[in-house]
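J.: This is structure_6.pdb (PDB, N, CA and C atoms).
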ATOM      1  N   MET A   1      -4.208   1.278 -19.888
ATOM      2  CA  MET A   1      -2.938   1.476 -19.213
ATOM      3  C   MET A   1      -2.091   0.226 -19.431
ATOM      4  N   THR A   2      -0.869   0.419 -19.843
ATOM      5  CA  THR A   2       0.013  -0.721 -20.093
ATOM      6  C   THR A   2       0.503  -1.320 -18.774
ATOM      7  N   ASP A   3       0.995  -2.540 -18.887
ATOM      8  CA  ASP A   3       1.533  -3.210 -17.693
ATOM      9  C   ASP A   3       2.694  -2.413 -17.113
ATOM     10  N   GLU A   4       3.501  -1.841 -17.990
ATOM     11  CA  GLU A   4       4.647  -1.056 -17.514
ATOM     12  C   GLU A   4       4.172   0.151 -16.703
ATOM     13  N   ASN A   5       3.135   0.821 -17.188
ATOM     14  CA  ASN A   5       2.574   1.970 -16.450
ATOM     15  C   ASN A   5       1.975   1.518 -15.119
ATOM     16  N   LYS A   6       1.319   0.366 -15.140
ATOM     17  CA  LYS A   6       0.730  -0.164 -13.908
ATOM     18  C   LYS A   6       1.814  -0.496 -12.885
ATOM     19  N   ILE A   7       2.911  -1.048 -13.368
ATOM     20  CA  ILE A   7       4.021  -1.379 -12.474
ATOM     21  C   ILE A   7       4.608  -0.115 -11.871
ATOM     22  N   GLN A   8       4.742   0.931 -12.675
ATOM     23  CA  GLN A   8       5.251   2.211 -12.166
ATOM     24  C   GLN A   8       4.294   2.796 -11.131
ATOM     25  N   GLU A   9       3.005   2.717 -11.423
ATOM     26  CA  GLU A   9       2.012   3.237 -10.477
ATOM     27  C   GLU A   9       2.017   2.418  -9.182
ATOM     28  N   LEU A  10       2.162   1.115  -9.306
ATOM     29  CA  LEU A  10       2.246   0.252  -8.127
ATOM     30  C   LEU A  10       3.454   0.626  -7.277
ATOM     31  N   SER A  11       4.564   0.876  -7.936
ATOM     32  CA  SER A  11       5.780   1.278  -7.231
ATOM     33  C   SER A  11       5.566   2.596  -6.489
ATOM     34  N   MET A  12       4.887   3.544  -7.122
ATOM     35  CA  MET A  12       4.595   4.825  -6.479
ATOM     36  C   MET A  12       3.662   4.634  -5.287
ATOM     37  N   LEU A  13       2.668   3.766  -5.431
ATOM     38  CA  LEU A  13       1.753   3.480  -4.326
ATOM     39  C   LEU A  13       2.505   2.888  -3.141
ATOM     40  N   GLN A  14       3.399   1.965  -3.429
ATOM     41  CA  GLN A  14       4.177   1.338  -2.360
ATOM     42  C   GLN A  14       5.086   2.354  -1.674
ATOM     43  N   GLN A  15       5.626   3.279  -2.453
ATOM     44  CA  GLN A  15       6.462   4.337  -1.882
ATOM     45  C   GLN A  15       5.616   5.260  -1.012
ATOM     46  N   ASN A  16       4.414   5.576  -1.458
ATOM     47  CA  ASN A  16       3.506   6.416  -0.668
ATOM     48  C   ASN A  16       3.136   5.730   0.646
ATOM     49  N   VAL A  17       2.905   4.434   0.600
ATOM     50  CA  VAL A  17       2.594   3.684   1.815
ATOM     51  C   VAL A  17       3.773   3.762   2.786
ATOM     52  N   ALA A  18       4.972   3.615   2.263
ATOM     53  CA  ALA A  18       6.163   3.683   3.117
ATOM     54  C   ALA A  18       6.313   5.076   3.734
ATOM     55  N   ASN A  19       6.047   6.119   2.947
ATOM     56  CA  ASN A  19       6.130   7.490   3.459
ATOM     57  C   ASN A  19       5.099   7.734   4.556
ATOM     58  N   ILE A  20       3.889   7.293   4.320
ATOM     59  CA  ILE A  20       2.825   7.460   5.311
ATOM     60  C   ILE A  20       3.169   6.702   6.579
ATOM     61  N   ASN A  21       3.694   5.505   6.419
ATOM     62  CA  ASN A  21       4.071   4.699   7.573
ATOM     63  C   ASN A  21       5.178   5.385   8.383
ATOM     64  N   ALA A  22       6.134   6.003   7.701
ATOM     65  CA  ALA A  22       7.224   6.701   8.395
ATOM     66  C   ALA A  22       6.683   7.907   9.161
ATOM     67  N   GLN A  23       5.781   8.663   8.536
ATOM     68  CA  GLN A  23       5.184   9.810   9.219
ATOM     69  C   GLN A  23       4.355   9.367  10.414
ATOM     70  N   LYS A  24       3.599   8.308  10.223
ATOM     71  CA  LYS A  24       2.777   7.778  11.315
ATOM     72  C   LYS A  24       3.664   7.353  12.477
ATOM     73  N   GLN A  25       4.783   6.715  12.167
ATOM     74  CA  GLN A  25       5.701   6.256  13.209
ATOM     75  C   GLN A  25       6.260   7.429  14.010
ATOM     76  N   GLN A  26       6.513   8.567  13.353
ATOM     77  CA  GLN A  26       6.984   9.754  14.066
ATOM     78  C   GLN A  26       5.941  10.208  15.087
ATOM     79  N   PHE A  27       4.681  10.188  14.693
ATOM     80  CA  PHE A  27       3.613  10.603  15.603
ATOM     81  C   PHE A  27       3.435   9.603  16.743
ATOM     82  N   VAL A  28       3.587   8.327  16.443
ATOM     83  CA  VAL A  28       3.492   7.304  17.487
ATOM     84  C   VAL A  28       4.609   7.516  18.509
ATOM     85  N   THR A  29       5.793   7.855  18.031
ATOM     86  CA  THR A  29       6.922   8.129  18.925
ATOM     87  C   THR A  29       6.623   9.340  19.806
ATOM     88  N   GLN A  30       6.083  10.402  19.209
ATOM     89  CA  GLN A  30       5.717  11.595  19.984
ATOM     90  C   GLN A  30       4.674  11.249  21.035
ATOM     91  N   LEU A  31       3.706  10.443  20.655
ATOM     92  CA  LEU A  31       2.659  10.037  21.586
ATOM     93  C   LEU A  31       3.261   9.296  22.776
ATOM     94  N   SER A  32       4.206   8.438  22.500
ATOM     95  CA  SER A  32       4.891   7.709  23.566
ATOM     96  C   SER A  32       5.643   8.673  24.493
ATOM     97  N   GLU A  33       6.265   9.685  23.902
ATOM     98  CA  GLU A  33       6.970  10.696  24.704
ATOM     99  C   GLU A  33       5.993  11.462  25.593
ATOM    100  N   TYR A  34       4.831  11.788  25.063
ATOM    101  CA  TYR A  34       3.823  12.495  25.867
ATOM    102  C   TYR A  34       3.343  11.622  27.022
ATOM    103  N   ASN A  35       3.159  10.337  26.763
ATOM    104  CA  ASN A  35       2.748   9.426  27.833
ATOM    105  C   ASN A  35       3.817   9.352  28.922
ATOM    106  N   SER A  36       5.075   9.318  28.507
ATOM    107  CA  SER A  36       6.176   9.309  29.474
ATOM    108  C   SER A  36       6.204  10.612  30.277
ATOM    109  N   ALA A  37       5.936  11.718  29.602
ATOM    110  CA  ALA A  37       5.919  13.013  30.283
ATOM    111  C   ALA A  37       4.808  13.055  31.327
ATOM    112  N   LEU A  38       3.650  12.505  30.987
ATOM    113  CA  LEU A  38       2.544  12.479  31.953
ATOM    114  C   LEU A  38       2.910  11.644  33.178
ATOM    115  N   GLU A  39       3.580  10.524  32.957
ATOM    116  CA  GLU A  39       4.020   9.686  34.080
ATOM    117  C   GLU A  39       5.038  10.434  34.944
ATOM    118  N   ALA A  40       5.945  11.150  34.304
ATOM    119  CA  ALA A  40       6.976  11.884  35.044
ATOM    120  C   ALA A  40       6.369  13.014  35.868
ATOM    121  N   ILE A  41       5.349  13.656  35.335
ATOM    122  CA  ILE A  41       4.693  14.757  36.047
ATOM    123  C   ILE A  41       4.086  14.260  37.353
ATOM    124  N   GLU A  42       3.555  13.052  37.325
ATOM    125  CA  GLU A  42       2.929  12.488  38.520
ATOM    126  C   GLU A  42       3.940  12.246  39.641
ATOM    127  N   LYS A  43       5.200  12.040  39.273
ATOM    128  CA  LYS A  43       6.214  11.681  40.257
ATOM    129  C   LYS A  43       6.983  12.878  40.814
ATOM    130  N   THR A  44       6.625  14.083  40.411
ATOM    131  CA  THR A  44       7.400  15.242  40.837
ATOM    132  C   THR A  44       6.511  16.298  41.487
ATOM    133  N   ASP A  45       7.140  17.123  42.308
ATOM    134  CA  ASP A  45       6.407  18.220  42.936
ATOM    135  C   ASP A  45       6.464  19.476  42.074
ATOM    136  N   ASN A  46       7.593  19.695  41.419
ATOM    137  CA  ASN A  46       7.762  20.885  40.594
ATOM    138  C   ASN A  46       7.575  20.527  39.127
ATOM    139  N   SER A  47       6.842  21.369  38.424
ATOM    140  CA  SER A  47       6.626  21.147  36.995
ATOM    141  C   SER A  47       6.999  22.412  36.246
ATOM    142  N   TYR A  48       7.633  22.223  35.104
ATOM    143  CA  TYR A  48       8.073  23.347  34.295
ATOM    144  C   TYR A  48       7.584  23.149  32.864
ATOM    145  N   LYS A  49       7.383  24.279  32.216
ATOM    146  CA  LYS A  49       6.923  24.267  30.837
ATOM    147  C   LYS A  49       7.912  25.086  30.016
ATOM    148  N   ILE A  50       8.292  24.567  28.864
ATOM    149  CA  ILE A  50       9.222  25.296  27.999
ATOM    150  C   ILE A  50       8.414  26.115  27.002
ATOM    151  N   ILE A  51       8.696  27.400  27.004
ATOM    152  CA  ILE A  51       8.063  28.315  26.056
ATOM    153  C   ILE A  51       9.184  29.038  25.328
ATOM    154  N   GLY A  52       9.337  28.729  24.052
ATOM    155  CA  GLY A  52      10.440  29.311  23.296
ATOM    156  C   GLY A  52      11.753  28.810  23.856
ATOM    157  N   ASN A  53      12.597  29.731  24.279
ATOM    158  CA  ASN A  53      13.905  29.362  24.814
ATOM    159  C   ASN A  53      13.957  29.428  26.337
ATOM    160  N   ILE A  54      12.807  29.615  26.984
ATOM    161  CA  ILE A  54      12.818  29.709  28.447
ATOM    162  C   ILE A  54      11.946  28.627  29.059
ATOM    163  N   MET A  55      12.241  28.330  30.312
ATOM    164  CA  MET A  55      11.483  27.348  31.061
ATOM    165  C   MET A  55      10.810  28.088  32.217
ATOM    166  N   ILE A  56       9.487  27.916  32.330
ATOM    167  CA  ILE A  56       8.773  28.579  33.414
ATOM    168  C   ILE A  56       8.092  27.553  34.302
ATOM    169  N   ASN A  57       7.930  27.920  35.557
ATOM    170  CA  ASN A  57       7.232  27.064  36.509
ATOM    171  C   ASN A  57       5.750  27.045  36.126
ATOM    172  N   SER A  58       5.137  25.889  36.172
ATOM    173  CA  SER A  58       3.733  25.760  35.799
ATOM    174  C   SER A  58       3.075  24.728  36.711
ATOM    175  N   THR A  59       1.765  24.755  36.755
ATOM    176  CA  THR A  59       1.061  23.773  37.573
ATOM    177  C   THR A  59       0.984  22.443  36.825
ATOM    178  N   LYS A  60       0.912  21.391  37.598
ATOM    179  CA  LYS A  60       0.778  20.062  36.996
ATOM    180  C   LYS A  60      -0.473  19.983  36.127
ATOM    181  N   GLU A  61      -1.535  20.580  36.634
ATOM    182  CA  GLU A  61      -2.814  20.511  35.910
ATOM    183  C   GLU A  61      -2.726  21.199  34.551
ATOM    184  N   ASP A  62      -2.079  22.367  34.499
ATOM    185  CA  ASP A  62      -1.939  23.063  33.217
ATOM    186  C   ASP A  62      -1.105  22.247  32.235
ATOM    187  N   ILE A  63      -0.037  21.661  32.733
ATOM    188  CA  ILE A  63       0.822  20.851  31.860
ATOM    189  C   ILE A  63       0.082  19.606  31.396
ATOM    190  N   LYS A  64      -0.651  18.964  32.304
ATOM    191  CA  LYS A  64      -1.433  17.779  31.922
ATOM    192  C   LYS A  64      -2.452  18.126  30.842
ATOM    193  N   LYS A  65      -3.169  19.238  31.011
ATOM    194  CA  LYS A  65      -4.160  19.654  30.014
ATOM    195  C   LYS A  65      -3.504  19.886  28.663
ATOM    196  N   ASP A  66      -2.356  20.543  28.681
ATOM    197  CA  ASP A  66      -1.632  20.830  27.441
ATOM    198  C   ASP A  66      -1.208  19.541  26.746
ATOM    199  N   ILE A  67      -0.662  18.611  27.524
ATOM    200  CA  ILE A  67      -0.221  17.338  26.949
ATOM    201  C   ILE A  67      -1.412  16.524  26.442
ATOM    202  N   GLU A  68      -2.498  16.519  27.172
ATOM    203  CA  GLU A  68      -3.691  15.769  26.739
ATOM    204  C   GLU A  68      -4.230  16.324  25.422
ATOM    205  N   LYS A  69      -4.219  17.658  25.257
ATOM    206  CA  LYS A  69      -4.647  18.259  23.983
ATOM    207  C   LYS A  69      -3.750  17.789  22.844
ATOM    208  N   LYS A  70      -2.446  17.818  23.091
ATOM    209  CA  LYS A  70      -1.499  17.389  22.061
ATOM    210  C   LYS A  70      -1.678  15.914  21.733
ATOM    211  N   LYS A  71      -1.967  15.099  22.755
ATOM    212  CA  LYS A  71      -2.199  13.669  22.520
ATOM    213  C   LYS A  71      -3.428  13.452  21.641
ATOM    214  N   LYS A  72      -4.487  14.224  21.879
ATOM    215  CA  LYS A  72      -5.702  14.075  21.068
ATOM    216  C   LYS A  72      -5.420  14.393  19.609
ATOM    217  N   VAL A  73      -4.650  15.461  19.380
ATOM    218  CA  VAL A  73      -4.302  15.829  18.007
ATOM    219  C   VAL A  73      -3.488  14.713  17.355
ATOM    220  N   LEU A  74      -2.528  14.174  18.094
ATOM    221  CA  LEU A  74      -1.713  13.086  17.553
ATOM    222  C   LEU A  74      -2.557  11.848  17.263
ATOM    223  N   ASP A  75      -3.491  11.524  18.149
ATOM    224  CA  ASP A  75      -4.375  10.375  17.921
ATOM    225  C   ASP A  75      -5.159  10.544  16.622
ATOM    226  N   ILE A  76      -5.671  11.740  16.402
ATOM    227  CA  ILE A  76      -6.426  12.011  15.172
ATOM    228  C   ILE A  76      -5.528  11.856  13.950
ATOM    229  N   ARG A  77      -4.320  12.406  14.033
ATOM    230  CA  ARG A  77      -3.387  12.302  12.900
ATOM    231  C   ARG A  77      -3.001  10.852  12.629
ATOM    232  N   ILE A  78      -2.741  10.107  13.679
ATOM    233  CA  ILE A  78      -2.362   8.695  13.517
ATOM    234  C   ILE A  78      -3.501   7.918  12.861
ATOM    235  N   LYS A  79      -4.727   8.153  13.315
ATOM    236  CA  LYS A  79      -5.877   7.460  12.715
ATOM    237  C   LYS A  79      -6.031   7.835  11.248
ATOM    238  N   SER A  80      -5.791   9.103  10.931
ATOM    239  CA  SER A  80      -5.867   9.549   9.545
ATOM    240  C   SER A  80      -4.819   8.843   8.687
ATOM    241  N   PHE A  81      -3.597   8.758   9.202
ATOM    242  CA  PHE A  81      -2.542   8.052   8.471
ATOM    243  C   PHE A  81      -2.877   6.582   8.307
ATOM    244  N   GLU A  82      -3.471   5.968   9.334
ATOM    245  CA  GLU A  82      -3.846   4.560   9.238
ATOM    246  C   GLU A  82      -4.893   4.350   8.155
ATOM    247  N   LYS A  83      -5.861   5.269   8.052
ATOM    248  CA  LYS A  83      -6.882   5.169   7.001
ATOM    249  C   LYS A  83      -6.244   5.306   5.626
ATOM    250  N   GLN A  84      -5.361   6.291   5.465
ATOM    251  CA  GLN A  84      -4.681   6.486   4.183
ATOM    252  C   GLN A  84      -3.851   5.262   3.826
ATOM    253  N   GLU A  85      -3.136   4.749   4.816
ATOM    254  CA  GLU A  85      -2.280   3.591   4.602
ATOM    255  C   GLU A  85      -3.119   2.383   4.162
ATOM    256  N   LYS A  86      -4.230   2.155   4.833
ATOM    257  CA  LYS A  86      -5.109   1.026   4.504
ATOM    258  C   LYS A  86      -5.656   1.164   3.083
ATOM    259  N   LYS A  87      -6.073   2.376   2.733
ATOM    260  CA  LYS A  87      -6.627   2.621   1.398
ATOM    261  C   LYS A  87      -5.577   2.384   0.318
ATOM    262  N   LEU A  88      -4.366   2.926   0.539
ATOM    263  CA  LEU A  88      -3.301   2.755  -0.448
ATOM    264  C   LEU A  88      -2.855   1.298  -0.556
ATOM    265  N   LYS A  89      -2.785   0.605   0.571
ATOM    266  CA  LYS A  89      -2.399  -0.817   0.534
ATOM    267  C   LYS A  89      -3.421  -1.629  -0.246
ATOM    268  N   GLY A  90      -4.701  -1.322  -0.036
ATOM    269  CA  GLY A  90      -5.756  -2.022  -0.770
ATOM    270  C   GLY A  90      -5.648  -1.787  -2.263
ATOM    271  N   LYS A  91      -5.409  -0.539  -2.620
ATOM    272  CA  LYS A  91      -5.269  -0.193  -4.036
ATOM    273  C   LYS A  91      -4.028  -0.878  -4.627
ATOM    274  N   ALA A  92      -2.946  -0.905  -3.870
ATOM    275  CA  ALA A  92      -1.715  -1.548  -4.344
ATOM    276  C   ALA A  92      -1.919  -3.050  -4.522
ATOM    277  N   GLU A  93      -2.620  -3.676  -3.587
ATOM    278  CA  GLU A  93      -2.886  -5.115  -3.700
ATOM    279  C   GLU A  93      -3.730  -5.424  -4.929
ATOM    280  N   GLU A  94      -4.748  -4.595  -5.167
ATOM    281  CA  GLU A  94      -5.589  -4.780  -6.355
ATOM    282  C   GLU A  94      -4.752  -4.683  -7.623
ATOM    283  N   MET A  95      -3.922  -3.641  -7.677
ATOM    284  CA  MET A  95      -3.117  -3.418  -8.859
ATOM    285  C   MET A  95      -2.108  -4.550  -9.051
ATOM    286  N   GLN A  96      -1.540  -5.044  -7.958
ATOM    287  CA  GLN A  96      -0.585  -6.140  -8.044
ATOM    288  C   GLN A  96      -1.268  -7.401  -8.585
ATOM    289  N   LYS A  97      -2.475  -7.682  -8.120
ATOM    290  CA  LYS A  97      -3.221  -8.845  -8.621
ATOM    291  C   LYS A  97      -3.512  -8.700 -10.110
ATOM    292  N   GLU A  98      -3.888  -7.483 -10.510
ATOM    293  CA  GLU A  98      -4.198  -7.231 -11.910
ATOM    294  C   GLU A  98      -2.956  -7.428 -12.781
ATOM    295  N   ILE A  99      -1.832  -6.917 -12.321
ATOM    296  CA  ILE A  99      -0.580  -7.063 -13.069
ATOM    297  C   ILE A  99      -0.200  -8.536 -13.183
ATOM    298  N   MET A 100      -0.290  -9.248 -12.061
ATOM    299  CA  MET A 100       0.059 -10.673 -12.071
ATOM    300  C   MET A 100      -0.876 -11.454 -12.996
ATOM    301  N   SER A 101      -2.146 -11.106 -12.980
ATOM    302  CA  SER A 101      -3.114 -11.773 -13.850
ATOM    303  C   SER A 101      -2.768 -11.516 -15.317
ATOM    304  N   ASN A 102      -2.456 -10.260 -15.640
ATOM    305  CA  ASN A 102      -2.085  -9.926 -17.019
ATOM    306  C   ASN A 102      -0.822 -10.663 -17.449
ATOM    307  N   LEU A 103       0.157 -10.745 -16.551
ATOM    308  CA  LEU A 103       1.399 -11.434 -16.889
ATOM    309  C   LEU A 103       1.156 -12.930 -17.066
ATOM    310  N   ASN A 104       0.312 -13.506 -16.214
ATOM    311  CA  ASN A 104      -0.011 -14.940 -16.351
ATOM    312  C   ASN A 104      -0.762 -15.223 -17.635
ATOM    313  N   ASN A 105      -1.690 -14.326 -17.999
ATOM    314  CA  ASN A 105      -2.453 -14.509 -19.241
ATOM    315  C   ASN A 105      -1.538 -14.402 -20.461
ATOM    316  N   LYS A 106      -0.561 -13.500 -20.396
ATOM    317  CA  LYS A 106       0.374 -13.374 -21.522
ATOM    318  C   LYS A 106       1.261 -14.598 -21.619
ATOM    319  N   GLY A 107       1.578 -15.191 -20.491
ATOM    320  CA  GLY A 107       2.439 -16.369 -20.469
ATOM    321  C   GLY A 107       1.746 -17.608 -21.007
ATOM    322  N   THR A 108       0.420 -17.648 -20.898
ATOM    323  CA  THR A 108      -0.316 -18.827 -21.365
ATOM    324  C   THR A 108      -0.715 -18.716 -22.827
ATOM    325  N   LYS A 109      -0.524 -17.555 -23.408
ATOM    326  CA  LYS A 109      -0.914 -17.377 -24.823
ATOM    327  C   LYS A 109       0.144 -17.840 -25.765
TER     328      LYS A 109
END
Would it be possible to restate this file's structure as structure tokens?
T.:
Amino acid sequence: MTDENKIQELSMLQQNVANINAQKQQFVTQLSEYNSALEAIEKTDNSYKIIGNIMINSTKEDIKKDIEKKKKVLDIRIKSFEKQEKKLKGKAEEMQKEIMSNLNNKGTK
């Protein structure tokens, strides 16, 4: 693989890391919203759940269970993105070192 191809691949890896990070951040934001919703539920007597375009009265316990399920799914997704991000960053760092080494070796010849 030529240095030019390696540089292109490195650029793609870095773009993939940025995409994964953006997706992960969306899930982190949702998780924060769910935590806020759980806090709000504790402070109120009436709880409502939105289903489609309507809002229905629901028990606090049902809403808490629903939010906790969604939080677990988000936690799993976030951890998955973190693993992917770590793997891609490692691969990008390796490739960057290899490219720099090749460029330094060409410069000394």
J.: Return as a PyMOL selection string the full set of residues in segment 1-66 of chain A whose backbone-based DSSP assignment is helix (DSSP H, G or I).
T.: chain A and resi 3-42+60-66
J.: Box for segment 50-62 of chain A: with edges along x, y and z, all listed atoms inside and 4 Å added on each side, what are the centre and edge lengths in Å to one decimal, as JSON?
T.:
{"center_x": 5.6, "center_y": 24.9, "center_z": 30.4, "size_x": 24.8, "size_y": 17.7, "size_z": 22.3}
J.: Report the residues of segment 52-87 of chain A whose backbone DSSP state falls under strand (DSSP E), written as an NGL selection string.
T.: :A and (54-58)
J.: As a ChimeraX atom specification, please: the residues near segment 49-57 of chain A (cut-off 10 Å, only C-alpha atoms, same-chain neighbours under 4 positions excluded).
T.: /A:62-63,66
J.: Out of A:Ile7, A:Val17, A:Leu74, A:Met12, which residue has the shortest atom-to-atom distance to Lys89 of chain A when counting only C-alpha atoms?
T.: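 For Lys89 of chain A, the nearest of the given residues is A:Val17.
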J.: Once the PyMOL selection byres (((chain A and resi 58 and name CA) around 6) and name CA) is applied to the coordinates I shared, what remains selected? I want it as a list in words.
T.: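 When the PyMOL selection byres (((chain A and resi 58 and name CA) around 6) and name CA) is applied to the shown file, the picked residues are Ser47, Tyr48, Asn57 and Thr59 of chain A.
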J.: So how far away is atom C of Lys86 of chain A from atom C of Lys72 of chain A, in Å?
T.: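 Atom C of Lys86 of chain A lies 21.2 Å from atom C of Lys72 of chain A.
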J.: With a cut-off of 6.5 Å, could you pull out the residues of segment 49-93 of chain A touching segment 22-43 of chain A and give me the nearest pair of atoms for each, distance in Å to one decimal, using only N, CA and C atoms, ordered by chain and ascending number, as JSON lines?
T.:
{"residue": "A:Ile67", "atom": "CA", "partner": "A:Tyr34", "partner_atom": "CA", "distance": 6.4}
{"residue": "A:Lys71", "atom": "CA", "partner": "A:Leu31", "partner_atom": "CA", "distance": 6.1}
{"residue": "A:Leu74", "atom": "CA", "partner": "A:Phe27", "partner_atom": "CA", "distance": 6.2}
{"residue": "A:Ile78", "atom": "CA", "partner": "A:Lys24", "partner_atom": "CA", "distance": 5.7}
{"residue": "A:Phe81", "atom": "CA", "partner": "A:Lys24", "partner_atom": "CA", "distance": 6.0}
J.: Suppose we keep N, CA and C atoms; can you now write the selection as a PDB file, in the frame of the given file?
T.:
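Generated output (result.pdb):
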ATOM      1  N   ILE A  67      -0.662  18.611  27.524  1.00  0.00           N
ATOM      2  CA  ILE A  67      -0.221  17.338  26.949  1.00  0.00           C
ATOM      3  C   ILE A  67      -1.412  16.524  26.442  1.00  0.00           C
ATOM      4  N   LYS A  71      -1.967  15.099  22.755  1.00  0.00           N
ATOM      5  CA  LYS A  71      -2.199  13.669  22.520  1.00  0.00           C
ATOM      6  C   LYS A  71      -3.428  13.452  21.641  1.00  0.00           C
ATOM      7  N   LEU A  74      -2.528  14.174  18.094  1.00  0.00           N
ATOM      8  CA  LEU A  74      -1.713  13.086  17.553  1.00  0.00           C
ATOM      9  C   LEU A  74      -2.557  11.848  17.263  1.00  0.00           C
ATOM     10  N   ILE A  78      -2.741  10.107  13.679  1.00  0.00           N
ATOM     11  CA  ILE A  78      -2.362   8.695  13.517  1.00  0.00           C
ATOM     12  C   ILE A  78      -3.501   7.918  12.861  1.00  0.00           C
ATOM     13  N   PHE A  81      -3.597   8.758   9.202  1.00  0.00           N
ATOM     14  CA  PHE A  81      -2.542   8.052   8.471  1.00  0.00           C
ATOM     15  C   PHE A  81      -2.877   6.582   8.307  1.00  0.00           C
TER      16      PHE A  81
END
J.: Find the residues around Asn16 of chain A up to 8 Å (only N, CA and C atoms counted), leave out those fewer than 3 positions away in its own chain, and share them as a list of chain:residue names.
T.: A:Leu10, A:Ser11, A:Met12, A:Leu13, A:Asn19, A:Ile20, A:Asn21, A:Ala22, A:Gln84, A:Glu85, A:Leu88, A:Lys89
J.: Just give me the gap between atom CA of Glu93 of chain A and atom CA of Asn105 of chain A in Å, one decimal is fine.
T.: 18.2 Å
J.: Do you have the atom C of Gln8 of chain A-atom CA of Glu98 of chain A distance handy?
T.: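 Between atom C of Gln8 of chain A and atom CA of Glu98 of chain A the gap is 13.2 Å.
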